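As stored in entry.txt (compact mmCIF, C-alpha atoms):
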# COMPACT_ATOMS: atom_id res chain seq x y z
CA MET A 236 143.57 70.93 113.12
CA ALA A 237 146.30 73.49 112.32
CA VAL A 238 145.90 77.00 113.65
CA PRO A 239 144.79 79.22 110.74
CA ASP A 240 146.98 82.07 109.51
CA ILE A 241 145.59 85.02 111.46
CA SER A 242 146.85 88.44 112.53
CA VAL A 243 146.62 87.93 116.31
CA ALA A 244 147.50 85.40 118.99
CA PRO A 245 146.49 83.47 120.95
CA TYR A 246 143.60 82.55 118.68
CA TRP A 247 141.17 79.64 118.86
CA GLU A 248 138.24 78.56 116.74
CA LEU A 249 134.97 77.04 117.89
CA THR A 250 133.05 75.11 115.23
CA PHE A 251 129.34 74.36 115.66
CA ASP A 252 126.97 72.26 113.56
CA ALA A 253 123.44 73.30 112.60
CA ASP A 254 122.02 71.88 115.85
CA GLY A 255 124.45 73.83 118.02
CA ASP A 256 126.77 70.92 118.85
CA VAL A 257 130.35 72.12 119.30
CA ASP A 258 133.54 70.44 118.12
CA GLY A 259 134.64 68.93 121.45
CA ALA A 260 138.35 68.96 120.70
CA GLU A 261 138.30 72.65 119.79
CA ARG A 262 136.32 73.48 122.94
CA ASP A 263 138.77 71.58 125.12
CA ARG A 264 141.77 73.31 123.52
CA LEU A 265 140.16 76.66 124.25
CA LEU A 266 139.41 75.82 127.89
CA ALA A 267 142.95 74.58 128.49
CA GLY A 268 144.63 77.29 126.46
CA VAL A 269 142.93 80.27 128.09
CA GLU A 270 144.20 79.26 131.50
CA ARG A 271 147.68 78.29 130.26
CA ARG A 272 148.17 81.57 128.36
CA GLU A 273 146.92 83.65 131.33
CA VAL A 274 144.29 85.39 129.24
CA ARG A 275 142.32 88.08 131.07
CA ASP A 276 139.99 89.25 128.28
CA LEU A 277 138.60 86.90 125.63
CA ILE A 278 136.97 88.43 122.53
CA VAL A 279 134.56 85.96 120.90
CA PHE A 280 133.43 86.95 117.37
CA ALA A 281 130.60 85.26 115.42
CA HIS A 282 130.39 85.87 111.67
CA GLY A 283 127.21 86.42 109.71
CA TRP A 284 126.77 85.50 106.06
CA ASN A 285 129.93 83.59 105.18
CA ASN A 286 129.89 80.44 103.11
CA ASP A 287 133.09 78.82 104.34
CA ARG A 288 135.64 78.77 107.14
CA SER A 289 138.26 80.69 105.15
CA GLY A 290 135.92 83.65 104.61
CA ALA A 291 135.15 83.79 108.33
CA THR A 292 138.83 83.55 109.25
CA ARG A 293 139.71 86.41 106.88
CA LEU A 294 137.06 88.55 108.55
CA TYR A 295 138.39 87.78 112.03
CA SER A 296 142.00 88.40 111.03
CA SER A 297 141.13 91.76 109.48
CA PHE A 298 138.89 92.93 112.33
CA PHE A 299 141.26 91.83 115.11
CA ALA A 300 144.43 93.22 113.45
CA PRO A 301 144.42 96.67 115.15
CA VAL A 302 143.50 95.36 118.61
CA PRO A 303 147.05 94.69 119.94
CA ARG A 304 148.04 98.24 118.99
CA LEU A 305 144.90 99.72 120.57
CA ALA A 306 145.35 97.83 123.86
CA PRO A 307 149.08 97.00 124.08
CA ALA A 308 149.09 96.17 127.78
CA ALA A 309 146.00 93.95 127.79
CA ARG A 310 146.21 90.14 128.01
CA ILE A 311 143.73 89.34 125.23
CA GLY A 312 142.73 86.04 123.66
CA TYR A 313 140.64 85.72 120.50
CA VAL A 314 137.98 83.22 119.43
CA GLY A 315 136.43 82.89 116.00
CA VAL A 316 133.05 81.15 115.94
CA VAL A 317 132.47 79.07 112.80
CA TRP A 318 128.88 78.00 112.17
CA PRO A 319 127.11 76.65 109.06
CA SER A 320 125.77 79.75 107.36
CA MET A 321 126.08 80.96 103.81
CA ARG A 322 126.24 84.17 101.84
CA PHE A 323 125.18 84.66 98.24
CA CYS A 324 128.49 85.25 96.51
CA ASP A 325 127.25 88.27 94.54
CA GLU A 326 127.01 90.30 97.75
CA PRO A 327 129.90 92.78 97.77
CA ILE A 328 132.12 92.99 100.85
CA PRO A 329 134.32 96.08 101.04
CA ASP A 330 138.08 95.36 101.11
CA PHE A 331 137.63 91.63 100.46
CA PRO A 332 138.96 89.93 97.32
CA ARG A 333 136.75 88.89 94.43
CA SER A 334 136.99 85.24 95.49
CA THR A 335 135.05 86.20 98.62
CA ALA A 336 132.66 88.69 96.99
CA ALA A 337 131.85 87.97 93.37
CA GLY A 338 131.22 91.54 92.28
CA PRO A 339 129.39 94.79 92.94
CA VAL A 340 126.36 94.23 90.71
CA PRO A 341 124.22 91.13 91.23
CA SER A 342 122.74 89.33 88.23
CA ALA A 343 119.53 87.34 88.06
CA ALA A 344 121.49 84.11 87.62
CA LEU A 345 123.13 81.98 90.28
CA ASP A 346 126.93 81.99 89.99
CA LYS A 347 128.77 78.70 90.48
CA ASP A 348 130.06 79.65 93.95
CA THR A 349 126.55 80.40 95.19
CA ARG A 350 125.29 77.11 93.72
CA LYS A 351 128.01 75.28 95.63
CA ALA A 352 127.18 77.18 98.81
CA LEU A 353 123.50 76.24 98.48
CA ARG A 354 124.38 72.57 97.93
CA ASP A 355 126.65 72.60 100.99
CA THR A 356 124.09 74.40 103.15
CA PHE A 357 121.18 72.14 102.11
CA PRO A 358 122.78 68.69 101.73
CA GLY A 359 120.82 66.18 99.69
CA ARG A 360 119.04 68.87 97.65
CA ALA A 361 121.47 69.41 94.80
CA ALA A 362 118.77 68.58 92.25
CA VAL A 363 116.54 71.32 93.65
CA VAL A 364 119.40 73.82 93.56
CA ASP A 365 120.14 72.92 89.93
CA ALA A 366 116.46 73.27 88.97
CA LEU A 367 116.27 76.72 90.59
CA ALA A 368 119.47 77.76 88.83
CA ARG A 369 118.09 76.69 85.45
CA MET A 370 114.94 78.74 85.99
CA LEU A 371 116.94 81.82 86.97
CA ASP A 372 119.33 81.38 84.03
CA GLY A 373 116.52 81.16 81.49
CA PRO A 374 114.66 83.97 79.71
CA ALA A 375 111.77 85.79 81.38
CA ARG A 376 108.90 83.42 82.18
CA GLU A 377 105.18 83.71 82.67
CA PRO A 378 103.87 84.29 86.21
CA ALA A 379 102.65 80.68 86.26
CA ALA A 380 106.27 79.53 86.14
CA LEU A 381 106.98 81.62 89.24
CA GLU A 382 104.65 79.38 91.22
CA GLU A 383 106.84 76.41 90.31
CA PHE A 384 109.88 78.43 91.33
CA GLY A 385 108.25 79.21 94.67
CA ARG A 386 107.42 75.54 95.17
CA LEU A 387 111.07 74.62 94.61
CA VAL A 388 112.23 77.29 97.07
CA ARG A 389 109.89 75.86 99.71
CA ARG A 390 111.20 72.38 98.99
CA LEU A 391 114.80 73.56 99.35
CA VAL A 392 114.27 75.06 102.79
CA GLU A 393 111.85 72.46 104.15
CA GLY A 394 112.06 72.52 107.91
CA VAL A 395 111.88 76.29 108.39
CA SER A 396 108.23 75.89 109.32
CA PRO A 397 107.35 75.10 112.94
CA GLY A 398 109.11 72.17 114.49
CA PRO A 399 111.40 71.45 117.44
CA TRP A 400 113.44 74.62 116.79
CA ALA A 401 110.61 76.98 115.77
CA ARG A 402 111.23 79.34 118.68
CA PHE A 403 114.78 79.96 117.48
CA ALA A 404 113.37 81.65 114.34
CA ALA A 405 111.22 84.16 116.27
CA ASP A 406 112.42 87.65 117.21
CA THR A 407 109.15 88.54 118.92
CA VAL A 408 106.51 86.40 120.58
CA THR A 409 102.84 86.98 121.35
CA GLU A 410 101.03 85.25 124.19
CA GLY A 411 98.69 82.58 122.85
CA VAL A 412 99.83 82.90 119.23
CA PRO A 413 101.69 79.82 117.94
CA GLN A 414 104.55 80.08 115.47
CA ARG A 415 103.73 79.14 111.90
CA GLU A 416 105.49 78.92 108.57
CA PRO A 417 106.70 82.21 107.06
CA ALA A 418 103.95 84.01 105.19
CA MET A 419 106.20 84.41 102.14
CA PHE A 420 105.75 80.67 101.57
CA ALA A 421 101.97 80.80 101.90
CA ARG A 422 101.34 83.69 99.48
CA PRO A 423 101.42 83.36 95.68
CA ALA A 424 105.05 83.42 94.58
CA ALA A 425 104.29 85.93 91.80
CA GLU A 426 103.04 88.47 94.36
CA VAL A 427 106.03 88.00 96.65
CA CYS A 428 108.52 88.22 93.77
CA ALA A 429 106.82 91.37 92.46
CA GLU A 430 107.28 93.08 95.83
CA PHE A 431 110.93 92.08 95.98
CA ALA A 432 111.42 93.28 92.39
CA GLY A 433 109.98 96.67 93.30
CA ALA A 434 112.29 96.98 96.32
CA LEU A 435 115.34 96.04 94.24
CA ALA A 436 114.39 98.56 91.56
CA GLY A 437 114.39 101.25 94.23
CA LEU A 438 117.86 100.24 95.44
CA GLY A 439 119.18 100.46 91.91
CA ASP A 440 117.78 103.95 91.44
CA PRO A 441 119.16 105.98 94.37
CA GLY A 442 118.48 109.28 92.60
CA GLY A 443 114.78 108.65 92.67
CA GLN A 444 114.28 108.89 88.88
CA ARG A 445 112.22 105.74 88.62
CA SER A 446 110.65 104.50 85.44
CA PHE A 447 106.88 104.14 85.34
CA THR A 448 107.35 100.61 83.98
CA LEU A 449 106.38 97.97 86.50
CA PRO A 450 109.33 95.70 87.47
CA ASN A 451 109.27 92.18 86.08
CA PRO A 452 108.33 89.81 88.96
CA TRP A 453 111.12 87.51 87.79
CA ASP A 454 113.55 90.24 88.84
CA GLY A 455 112.54 89.42 92.43
CA ALA A 456 112.76 85.63 92.12
CA LYS A 457 116.39 85.45 93.16
CA GLU A 458 115.60 87.66 96.14
CA LEU A 459 112.86 85.24 97.22
CA LEU A 460 115.47 82.46 97.19
CA ARG A 461 117.95 84.66 99.04
CA GLN A 462 115.46 85.62 101.74
CA ALA A 463 114.18 82.06 102.18
CA THR A 464 117.78 80.97 102.71
CA TYR A 465 118.35 83.79 105.17
CA TYR A 466 115.29 82.72 107.14
CA THR A 467 116.93 79.32 107.59
CA MET A 468 120.19 80.98 108.67
CA LYS A 469 118.28 83.19 111.10
CA ARG A 470 116.77 80.19 112.85
CA ARG A 471 120.14 78.42 112.82
CA ALA A 472 121.86 81.41 114.41
CA GLY A 473 119.45 81.27 117.35
CA THR A 474 119.95 77.53 117.73
CA VAL A 475 123.76 77.73 117.67
CA GLY A 476 123.78 80.64 120.11
CA GLU A 477 121.49 79.21 122.76
CA ARG A 478 122.31 75.52 122.48
CA GLY A 479 125.97 75.89 121.52
CA LEU A 480 127.87 79.05 122.39
CA GLY A 481 126.00 79.87 125.62
CA PRO A 482 126.85 76.53 127.28
CA VAL A 483 130.49 76.79 126.10
CA VAL A 484 130.81 80.19 127.79
CA GLY A 485 129.34 78.56 130.89
CA ARG A 486 132.01 75.83 130.78
CA LEU A 487 134.65 78.53 130.36
CA ALA A 488 133.39 80.33 133.45
CA GLN A 489 133.95 77.14 135.44
CA ALA A 490 137.38 76.36 133.99
CA ALA A 491 138.77 79.91 134.12
CA PRO A 492 136.54 82.04 136.38
CA GLY A 493 138.82 85.07 136.12
CA VAL A 494 138.45 85.44 132.35
CA ARG A 495 136.30 88.30 131.08
CA VAL A 496 134.34 87.40 127.93
CA HIS A 497 133.33 89.93 125.27
CA LEU A 498 130.85 88.72 122.65
CA VAL A 499 130.87 90.30 119.18
CA GLY A 500 128.57 89.39 116.32
CA HIS A 501 128.07 90.64 112.78
CA SER A 502 124.72 90.33 110.98
CA PHE A 503 123.18 86.97 111.97
CA GLY A 504 126.24 86.49 114.15
CA GLY A 505 124.80 89.30 116.27
CA ARG A 506 121.67 87.22 116.66
CA LEU A 507 123.84 84.20 117.55
CA VAL A 508 125.73 85.93 120.38
CA SER A 509 122.48 87.47 121.66
CA PHE A 510 120.84 84.04 121.87
CA ALA A 511 123.98 82.82 123.65
CA LEU A 512 122.83 84.96 126.58
CA SER A 513 119.76 82.73 126.82
CA GLY A 514 122.02 79.67 126.91
CA LEU A 515 124.21 80.89 129.77
CA PRO A 516 123.87 78.76 132.91
CA GLU A 517 122.10 80.50 135.77
CA GLY A 518 124.36 82.84 137.73
CA VAL A 519 127.19 83.04 135.17
CA ARG A 520 128.44 86.65 135.00
CA THR A 521 131.53 86.17 132.87
CA VAL A 522 130.15 88.08 129.83
CA LYS A 523 131.34 91.65 130.35
CA SER A 524 130.15 93.18 127.07
CA VAL A 525 128.22 92.40 123.90
CA THR A 526 128.80 94.33 120.66
CA LEU A 527 126.38 93.89 117.76
CA LEU A 528 127.70 94.99 114.36
CA GLN A 529 124.88 95.51 111.84
CA GLY A 530 122.72 92.97 113.66
CA ALA A 531 120.26 91.25 111.31
CA PHE A 532 117.36 90.70 113.68
CA SER A 533 114.43 92.70 114.99
CA HIS A 534 115.12 95.92 116.86
CA TYR A 535 112.39 94.74 119.25
CA ALA A 536 114.14 91.47 120.18
CA PHE A 537 115.04 92.75 123.69
CA ALA A 538 111.83 94.75 124.23
CA PRO A 539 109.76 93.81 127.30
CA ARG A 540 106.63 94.90 125.41
CA LEU A 541 106.00 95.82 121.79
CA PRO A 542 104.46 99.23 121.06
CA GLY A 543 100.75 98.84 120.50
CA ASP A 544 100.45 95.25 121.76
CA PRO A 545 100.72 94.57 125.52
CA ARG A 546 100.62 90.80 124.91
CA ALA A 547 103.80 90.79 122.81
CA GLY A 548 107.46 91.22 123.57
CA GLY A 549 110.91 90.41 122.28
CA VAL A 550 112.05 86.81 122.35
CA LEU A 551 115.20 87.99 124.20
CA ARG A 552 113.47 90.35 126.62
CA GLY A 553 115.54 90.88 129.73
CA ARG A 554 118.54 88.98 128.38
CA GLU A 555 120.64 92.15 128.32
CA ARG A 556 120.66 91.88 132.13
CA ARG A 557 122.78 88.73 131.82
CA VAL A 558 125.63 90.92 130.59
CA ASP A 559 127.83 92.26 133.39
CA GLY A 560 128.36 95.40 131.34
CA PRO A 561 126.80 97.13 128.33
CA LEU A 562 125.09 95.63 125.28
CA VAL A 563 126.18 97.87 122.40
CA CYS A 564 124.33 97.98 119.08
CA CYS A 565 126.20 99.60 116.16
CA TYR A 566 123.95 100.57 113.26
CA SER A 567 124.11 102.51 109.98
CA ARG A 568 121.57 104.05 107.66
CA PHE A 569 123.79 103.01 104.73
CA ASP A 570 122.98 99.34 105.35
CA THR A 571 120.40 98.77 102.61
CA ALA A 572 120.19 95.05 103.34
CA LEU A 573 118.68 95.92 106.72
CA GLY A 574 117.06 99.22 105.78
CA THR A 575 115.02 97.96 102.82
CA LEU A 576 115.25 94.23 102.11
CA TYR A 577 115.22 93.01 105.73
CA PRO A 578 111.98 94.78 106.74
CA LEU A 579 110.29 93.75 103.51
CA ALA A 580 111.32 90.12 103.99
CA SER A 581 110.30 90.24 107.66
CA ARG A 582 106.87 91.55 106.72
CA MET A 583 106.53 88.75 104.19
CA ALA A 584 107.68 86.24 106.80
CA ASP A 585 105.18 87.84 109.22
CA ASP A 586 107.80 87.78 112.00
CA ASP A 587 106.16 90.61 113.94
CA ARG A 588 102.54 89.63 113.43
CA SER A 589 101.61 91.12 116.80
CA VAL A 590 101.94 94.68 115.43
CA LEU A 591 99.75 94.25 112.37
CA GLY A 592 97.37 96.81 113.81
CA LEU A 593 99.78 99.65 113.03
CA ASP A 594 99.03 101.83 110.01
CA VAL A 595 100.55 100.79 106.70
CA GLY A 596 102.95 103.74 106.60
CA ALA A 597 104.55 102.59 109.84
CA LEU A 598 105.07 98.99 108.80
CA LEU A 599 108.40 99.16 106.97
CA GLY A 600 109.77 102.00 109.05
CA THR A 601 108.97 100.66 112.50
CA ALA A 602 107.34 97.29 112.89
CA TRP A 603 109.92 95.33 110.93
CA GLY A 604 113.06 97.33 111.56
CA ALA A 605 116.43 95.69 112.20
CA MET A 606 119.00 96.26 114.95
CA GLY A 607 121.65 97.21 112.40
CA HIS A 608 119.49 99.90 110.82
CA ASP A 609 118.26 101.92 113.78
CA GLY A 610 119.43 100.19 116.98
CA VAL A 611 117.68 98.63 119.97
CA GLN A 612 114.10 99.85 120.32
CA ALA A 613 111.47 99.87 123.11
CA VAL A 614 113.92 98.90 125.88
CA PRO A 615 113.62 101.42 128.73
CA GLY A 616 116.85 103.20 129.63
CA THR A 617 118.57 102.63 126.27
CA ARG A 618 121.21 105.30 125.60
CA ALA A 619 122.18 106.60 122.15
CA CYS A 620 125.23 108.37 120.73
CA THR A 621 127.33 108.82 117.63
CA LEU A 622 130.46 106.77 117.05
CA SER A 623 132.71 109.75 117.77
CA ALA A 624 130.95 110.43 121.05
CA ALA A 625 131.10 106.76 122.02
CA LEU A 626 134.87 106.72 121.62
CA ALA A 627 135.36 109.98 123.50
CA ALA A 628 133.90 108.82 126.82
CA PRO A 629 133.42 105.57 128.77
CA PHE A 630 130.39 103.45 127.96
CA PRO A 631 127.66 103.08 130.59
CA ALA A 632 128.33 100.27 133.05
CA SER A 633 125.19 98.37 131.99
CA GLY A 634 122.13 98.43 129.77
CA CYS A 635 121.66 98.91 126.02
CA VAL A 636 123.62 101.52 124.08
CA ASN A 637 122.87 102.45 120.45
CA VAL A 638 125.86 103.72 118.47
CA ASP A 639 125.31 105.38 115.09
CA ALA A 640 128.30 104.04 113.16
CA ALA A 641 127.42 105.66 109.82
CA GLU A 642 130.64 107.70 110.05
CA VAL A 643 132.56 104.59 108.97
CA VAL A 644 129.93 101.97 107.98
CA ARG A 645 128.95 103.50 104.66
CA ARG A 646 130.51 101.60 101.71
CA GLY A 647 128.98 98.86 99.59
CA GLY A 648 126.91 98.34 96.47
CA PRO A 649 123.45 96.83 95.95
CA PRO A 650 121.69 94.83 97.18
CA CYS A 651 123.29 95.02 100.64
CA GLY A 652 124.91 98.43 100.79
CA ALA A 653 127.22 98.87 103.77
CA HIS A 654 126.00 95.75 105.58
CA SER A 655 129.45 94.12 105.57
CA ASP A 656 131.52 97.30 105.87
CA ILE A 657 132.58 96.56 109.43
CA VAL A 658 136.36 96.19 109.28
CA HIS A 659 137.36 99.50 110.85
CA PRO A 660 139.69 100.24 113.78
CA GLU A 661 136.98 102.50 115.20
CA LEU A 662 134.67 99.50 115.61
CA ALA A 663 137.47 97.48 117.21
CA ARG A 664 137.83 100.39 119.65
CA VAL A 665 134.10 100.15 120.40
CA VAL A 666 134.57 96.51 121.45
CA LEU A 667 137.50 97.40 123.69
CA THR A 668 135.82 100.48 125.19
CA ALA A 669 132.54 98.67 125.87
CA GLY A 670 134.39 95.88 127.66
CA ARG A 671 136.80 98.19 129.49
CA VAL A 672 139.69 96.22 128.05
CA ARG A 673 142.94 97.89 129.07
Can you turn what I pasted into structure tokens?
Amino acid sequence: MAVPDISVAPYWELTFDADGDVDGAERDRLLAGVERREVRDLIVFAHGWNNDRSGATRLYSSFFAPVPRLAPAARIGYVGVVWPSMRFCDEPIPDFPRSTAAGPVPSAALDKDTRKALRDTFPGRAAVVDALARMLDGPAREPAALEEFGRLVRRLVEGVSPGPWARFAADTVTEGVPQREPAMFARPAAEVCAEFAGALAGLGDPGGQRSFTLPNPWDGAKELLRQATYYTMKRRAGTVGERGLGPVVGRLAQAAPGVRVHLVGHSFGGRLVSFALSGLPEGVRTVKSVTLLQGAFSHYAFAPRLPGDPRAGGVLRGRERRVDGPLVCCYSRFDTALGTLYPLASRMADDDRSVLGLDVGALLGTAWGAMGHDGVQAVPGTRACTLSAALAAPFPASGCVNVDAAEVVRRGGPPCGAHSDIVHPELARVVLTAGRVR
């Protein structure tokens, strides 16, 4: 395969399938190339919601572009992880062309690029995708038709319920409580869609001048499809990280023991690189830093215990100790995907069922919060700072560090806000500073 047109060199790609199996030829080229090019620091970046290789490569090229100028004396290599995820094409991405982000205002219908992405992501289910598209394209329907829509969504994502990879979908685990299918698939679709419609109405009315008219539940139908798809991507990110990327980093440690690895992940890519820590072979200390950019998984994922439930903890508890350096979580309050839609979807999926005893007012604000909205939570010793402060002094040598990146991560329209506003030289500097790349 030809090397893609990218702003930095040397650059390699690692492609994984949905089960975490890596392209062997790409892996072998990386292992041989790192040693031959005398790379000292290797930055490995995993994308989030991209629906093709070209979109991921554009992200990597843009993000990596300032790095050679920021660290001119460093011997840096770059890796772009490509894994089978998808993004609804109506989600705006700042600074990316319209072919990558269809537009700033989502419609109720499925555009042709999103239809294609769904067909590619769920092979063999084109007829289901087409049926869902027809229902979304049509005029407003009765609530009874929403139940058929919900049935089709469940059929599209069959396999997200418990099975061999169920643990890869969990962000928190409770002793003695088995994983089960997301609650959003067990509840009446009309109820779930009505809740999503209400949340979307709030995002579209930032001034707070809401109408007293109840939102049409059909306004939330597309969001049910979006969130069901994301649930599949969430599980897949864990699988690819633990079964795929973690073992590859282990192989790299054997082939080139002097190379320092720095893992970077955006959105579900943050979940992927975090699960890679679970897949590292015992004793491997080659990962020198982890940087999470708007991580789309629970802020309790690394917690030894969840507040209010001594039986429950994060699925990645203690994994930050496998990093021979800091685990940095960049977050922003302008990320509405993680600040509003993620916690609502997580509550509907019942991901954090162990904290259901908390009062209702705390549910959306605390129990189902995301890394990219308020940082790592309930991990003793976690430090916190602003982006400016983080770049003015060295990072701690170990442990979790929350960085409020709202100074730069602030642009983007509904429904996702600033979720993908991550291409900034300041964030590239965070990666270099966290890893002590000089």
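You can rank A:Ile278, A:Leu391, A:Ala488, A:Leu459 by their closest distance to A:Val519 using all atoms listed in the file, and at the top of that list sits A:Ala488.
With all atoms listed in the file as the atoms that count, the residue of A:Thr409, A:Thr467, A:Ser296, A:Ser502 with the shortest distance to A:Glu393 is A:Thr467.
The nearest approach to A:Ala572 among the residues A:Ala308, A:Cys651, A:Ala434, A:Val279, with all atoms listed in the file taken into account, belongs to A:Cys651.
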Could you give me, as a ChimeraX atom specification, the residues within 12 Å of stretch 552-556 of chain A, counting only C-alpha atoms and dropping anything in the same chain fewer than 5 positions from it? /A:406-408,477,508-515,517-520,522-526,533-541,547,561-564,611-617,632-636
Measuring between only C-alpha atoms, which one of A:Val412, A:Val496, A:Ala640, A:Ile241 shows the shortest distance to A:Leu480? A:Val496
Every residue with an atom at most 6 Å from (112.9, 79.8, 94.8) (file coordinates; only C-alpha atoms) is what I'm after, so could you write them as a VMD selection string? chain A and resid 384 to 385 387 to 388 459 to 460
Could you list, as a PyMOL selection string, every residue within 12 Å of A:Cys565, counting all atoms listed in the file and ignoring same-chain residues fewer than 2 positions away? chain A and resi 499-502+505+525-531+534+562-563+567-568+570+605-611+619-622+625+635-644+654+656-657+661-663+665-666+669
Contact residues around A:Val317 with only C-alpha atoms at 12 Å, ignoring same-chain residues under 4 positions, as a short mmCIF file (atom, residue, chain, number, x, y, z; two decimals) with C-alpha atoms, in the coordinates of the input:
data_model
loop_
_atom_site.label_atom_id
_atom_site.label_comp_id
_atom_site.auth_asym_id
_atom_site.auth_seq_id
_atom_site.Cartn_x
_atom_site.Cartn_y
_atom_site.Cartn_z
CA TRP A 247 141.17 79.64 118.86
CA GLU A 248 138.24 78.56 116.74
CA LEU A 249 134.97 77.04 117.89
CA THR A 250 133.05 75.11 115.23
CA PHE A 251 129.34 74.36 115.66
CA ASP A 252 126.97 72.26 113.56
CA ALA A 253 123.44 73.30 112.60
CA GLY A 255 124.45 73.83 118.02
CA ASP A 256 126.77 70.92 118.85
CA VAL A 257 130.35 72.12 119.30
CA ASP A 258 133.54 70.44 118.12
CA GLU A 261 138.30 72.65 119.79
CA VAL A 279 134.56 85.96 120.90
CA PHE A 280 133.43 86.95 117.37
CA ALA A 281 130.60 85.26 115.42
CA HIS A 282 130.39 85.87 111.67
CA GLY A 283 127.21 86.42 109.71
CA TRP A 284 126.77 85.50 106.06
CA ASN A 285 129.93 83.59 105.18
CA ASN A 286 129.89 80.44 103.11
CA ASP A 287 133.09 78.82 104.34
CA ARG A 288 135.64 78.77 107.14
CA SER A 289 138.26 80.69 105.15
CA GLY A 290 135.92 83.65 104.61
CA ALA A 291 135.15 83.79 108.33
CA THR A 292 138.83 83.55 109.25
CA ARG A 293 139.71 86.41 106.88
CA LEU A 294 137.06 88.55 108.55
CA TYR A 295 138.39 87.78 112.03
CA MET A 321 126.08 80.96 103.81
CA ALA A 472 121.86 81.41 114.41
CA VAL A 475 123.76 77.73 117.67
CA GLY A 476 123.78 80.64 120.11
CA GLY A 479 125.97 75.89 121.52
CA LEU A 480 127.87 79.05 122.39
CA GLY A 500 128.57 89.39 116.32
CA GLY A 504 126.24 86.49 114.15
CA LEU A 507 123.84 84.20 117.55
#
Enter the distance from atom CA of A:Arg310 to atom CA of A:Arg506, in Å, rounded to one decimal. 27.2 Å
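Closest approach to A:Leu551 from the set A:Ala653, A:Ala405, A:Val672, A:Gly455 is made by A:Ala405, with distances taken over all atoms listed in the file.
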Please provide as a JSON list (two decimals) with C-alpha atoms, in the coordinates of the input all residues within 7 Å of A:Gly652, with the sequence filter that same-chain residues fewer than 2 positions apart are discarded (counting all atoms listed in the file).
[["chain", "number", "residue", "atom", "x", "y", "z"],
["A", 569, "PHE", "CA", 123.79, 103.01, 104.73],
["A", 570, "ASP", "CA", 122.98, 99.34, 105.35],
["A", 571, "THR", "CA", 120.40, 98.77, 102.61],
["A", 572, "ALA", "CA", 120.19, 95.05, 103.34],
["A", 646, "ARG", "CA", 130.51, 101.60, 101.71],
["A", 647, "GLY", "CA", 128.98, 98.86, 99.59],
["A", 648, "GLY", "CA", 126.91, 98.34, 96.47],
["A", 649, "PRO", "CA", 123.45, 96.83, 95.95],
["A", 650, "PRO", "CA", 121.69, 94.83, 97.18],
["A", 654, "HIS", "CA", 126.00, 95.75, 105.58]]
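Closest approach to A:Arg673 from the set A:Arg486, A:Arg275, A:Arg386, A:Arg350 is made by A:Arg275, with distances taken over only C-alpha atoms.
Between atom CA of A:Ala309 and atom CA of A:Ser655 there is a distance of 27.7 Å.
For the pair atom CA of A:Ser320 and atom CA of A:Gln462, the interatomic distance is 13.1 Å.
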Give me, as JSON lines, each residue of stretch 432-525 of chain A that comes within 10 Å of stretch 367-372 of chain A, together with its shortest interatomic pair and the distance in Å at one decimal, counting all atoms listed in the file, with rows ordered by chain and rising residue number.
{"residue": "A:Trp453", "atom": "CA", "partner": "A:Leu371", "partner_atom": "CA", "distance": 8.2}
{"residue": "A:Asp454", "atom": "CA", "partner": "A:Leu371", "partner_atom": "CA", "distance": 9.3}
{"residue": "A:Ala456", "atom": "CA", "partner": "A:Leu371", "partner_atom": "CA", "distance": 7.6}
{"residue": "A:Lys457", "atom": "CA", "partner": "A:Leu371", "partner_atom": "CA", "distance": 7.2}
{"residue": "A:Leu460", "atom": "CA", "partner": "A:Leu367", "partner_atom": "CA", "distance": 8.8}
Could you write out that same residue set with C-alpha atoms as a JSON list (two decimals), in the coordinates of the input?
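Everything below was put into out.json:
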[["chain", "number", "residue", "atom", "x", "y", "z"],
["A", 453, "TRP", "CA", 111.12, 87.51, 87.79],
["A", 454, "ASP", "CA", 113.55, 90.24, 88.84],
["A", 456, "ALA", "CA", 112.76, 85.63, 92.12],
["A", 457, "LYS", "CA", 116.39, 85.45, 93.16],
["A", 460, "LEU", "CA", 115.47, 82.46, 97.19]]
Using all atoms of stretch 646-659 of chain A listed in the file and a margin of 8 Å per side, can you give the axis-aligned box centre and edge lengths in Å to one decimal, as lines of an AutoDock Vina configuration file?
center_x = 129.5
center_y = 97.9
center_z = 103.4
size_x = 31.7
size_y = 23.5
size_z = 30.9
How would you write as a PDB file with C-alpha atoms, in the frame of the given file the residues that get within 6 Å of (139.8, 86.6, 125.4) in the file's frame, counting all atoms listed in the file?
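Generated file (selection39.pdb):
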ATOM      1  CA  ASP A 276     139.990  89.250 128.280  1.00  0.00           C
ATOM      2  CA  LEU A 277     138.600  86.900 125.630  1.00  0.00           C
ATOM      3  CA  ILE A 278     136.970  88.430 122.530  1.00  0.00           C
ATOM      4  CA  ILE A 311     143.730  89.340 125.230  1.00  0.00           C
ATOM      5  CA  GLY A 312     142.730  86.040 123.660  1.00  0.00           C
ATOM      6  CA  TYR A 313     140.640  85.720 120.500  1.00  0.00           C
TER       7      TYR A 313
END
